[in-house]
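Asks: Below is the structure I would like to discuss, written out as structure tokens.
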Amino acid sequence: MKLILELILLLPILGSLFNLLLGRAPRRLGETVACGAIWGSFAATLAAAAAYDSPVTTEIASWLSAFDFKAPLVLYLDPLSLALCLMITFVCGLIHLYAVGYMHDDPGYRRFFVLLNLFVASMLLLVLAANLPLLYLGWEGVGFCSYALIGFWYQNPNNATAGRKAFIVTRIGDVGLALAIVWIFQLFGTTSITLVNQMGHGVPVSIITGLGLLMLLGAMGKSAQLPLMVWLPDAMAGPTPVSAQIHAATMVTAGVYLLMRLFPLIGLSVTVTSAIAVTGALTAFYGATCALAQRDLKRILAFSTISQIGYMMLGVGVGAITAASFHLIEHAFFKALLFLGAGCVITAMDHEQDVFRMGGLSRTMPATFYPFLAGALCLAGLPLTGGFFSKDGILAAVWQQGGTLSLGLYALGLLTALITAIYTFRMVFLVFGGSKEASSLSSPGSMGRAHHALPVVMQWTLIPLALFGLGGGLLNLPAYLGHGLLQQFLAPLGASGQQGLSPASELLLSGMAALVSLAGIALAWVRFGGDRRKQRVIEARQPARGVHAFLLGGWYVDDLYRLLFVRPYVWVSQVLWQRVDEGMVDKGFDQMAALLGRCGRGLGSWSCGRLYIYLLSLATGAALFIGWFALVAL
């Protein structure tokens, strides 16, 4: 098992090093190594799953060791890390294959695959880490890779700014996690995750609350939750495979994983669990409402990810770790599918991303439309899809908690599910629905047809994601349908979400979720489907106003942060630069230099070549010295 765990982690690292160090290797060889490294890691993960019997801890090497502080390079495999490793390597393997076609004419493809491989390796390290410093190393690794990949096309200043924004905003959360790690070592004398989880009962609840809130801050930044979610919509500046990998299998899921991994510790504080649940519910609602008004295809999916991660946080907050894990895995399948499908559309449409400048693509791009529709059905939570069962498990867990807060969160989650179905099929109807004539209203004669043929590999990678998205519910069926493999496998982590509910209650809750999903799809059809699409395209020419402008601008959170933080920071920087640095420091030195220069020039004027002036100066100096010594003698 030790060799297998080493291969899971080392293969992506070796793939990254190969393309980094052998830059002159043939392009096809570099792409093959990059993709083969991820699929090799997936094969090693399958071997680990086949050989898995109980949690495994294996030490690979010594890393940090000073006095009583020790953090060796130790990997830990349990049901949670194994399930996530399978998902990460499989989904990222498909994304790498897709990227071969997507990046086929990009001159920076080698740098792209170096970073993409390293991205996967960092996420695997984060998931397999047995101690907190090692987890933090992976945590910072995915942060660096996301920064470099979001700003991959850095020649465009907007792309470079988006990368910096992601790095800076997530850094706020990173500080919270770093403080929590230091505090944990000071309290427990160890950074082993398993040991820390076992020691929480001997610590005052107030301290657990402080640790939990610091970790929640870290999760807010990395998983783009309120109020640190502003970086994720701008992260769409990177290539589409990067967007798919960030949103589906790496980066944003790291914060949720952190809270799930340390839930035995932070779950002892009701304040922390309530804060996690409230944060998740509010973020889910925020992301869904913003997605409802977006025009950019990738930004719709970005706000959708914010919303769906919110559902996972809600599940963690109510202790339904299995349900949250199931939704994390299922979301990876259908969100990767949607992003890769969007990449196909954008590539075929000559990099057009405005959904109001599309339409009729179901006829011209059927190989993209049907998998994309499968992903949309999962996201909207249509009954019997994987997305329906995973989201229903979280909502059922919230309902089961009872109490005023939980019922309010359930109602908000159900409302968010309705909005999710509306914006999902608004996207589908605008992009794929209607006719060529309808879509030409916004750009006559150019929209509604594909401009570029797509590489076959880009379309073929959509099919397995669609199958796993639609059929993923079989992994964790509710009790009235016989349960599933995932529920039994992840049982040590916590409640599945519907455990303890009667079959009648489960059916009632599932029925409500199904009605909400169907109602949302129907409302989307009423407003955006069929001939009504023409009217919506005409309306799209008008500037956004009122609530629509509020949602399109992401609740103006960016503007608020610009007012509260960016402008004061810029003002203080300008004061320090122009008034202190230039006005006082630089000007003071300049004036001192000018004074010394004038003194030098004045003294230099005595060097005129006239002997009587030199003798007069000598006599004056001698007189001054004699006078000085006379005063001292007195």
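Residue names in the structure tokens use chain letters A, B, ... in the order shown, residue numbers from 1 in each chain, and ligand numbers from 1 in the order shown.
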Can you pull out every residue within 8 Å of A:His247, counting only C-alpha atoms, but drop anything in the same chain fewer than 5 positions away, and send it as a PyMOL selection string?

Replies: chain A and resi 252-253+302+305+332+335-336

Asks: Output C-alpha atoms for every residue in that selection, as a short mmCIF file (atom, residue, chain, number, x, y, z; two decimals), in the first residue's frame.

Replies:
```cif
data_model
loop_
_atom_site.label_atom_id
_atom_site.label_comp_id
_atom_site.auth_asym_id
_atom_site.auth_seq_id
_atom_site.Cartn_x
_atom_site.Cartn_y
_atom_site.Cartn_z
CA VAL A 252 -12.95 25.28 -4.29
CA THR A 253 -13.60 21.85 -2.82
CA ALA A 302 -19.13 30.28 -11.80
CA THR A 305 -20.43 26.73 -8.30
CA ALA A 332 -17.61 17.32 -9.72
CA LYS A 335 -20.00 20.76 -13.16
CA ALA A 336 -16.94 19.53 -15.07
#
```

Asks: I'd like to know which residues of stretch 8-233 of chain A are strand (DSSP E or B) (by DSSP, run on the backbone); could you write them as a PyMOL selection string?

Replies: chain A and resi 56-66+69-77+129+131+192

Asks: Which is closer to A:Thr279 than all the others in A:Ala623, A:Ala453, A:Ala224, A:Val114, using only C-alpha atoms?

Replies: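 Nearest candidate to A:Thr279 out of A:Ala623, A:Ala453, A:Ala224, A:Val114: A:Ala224.
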
Asks: Between A:Leu259, A:Met313, A:Leu21, A:Ile60, which residue has the minimum interatomic distance to A:Met1, considering only C-alpha atoms?

Replies: A:Ile60

Asks: Please report the interatomic distance between atom CA of A:Cys290 and atom CA of A:Ala376 in Å with one decimal.

Replies: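 That distance, rounded to one decimal, is 17.2 Å.
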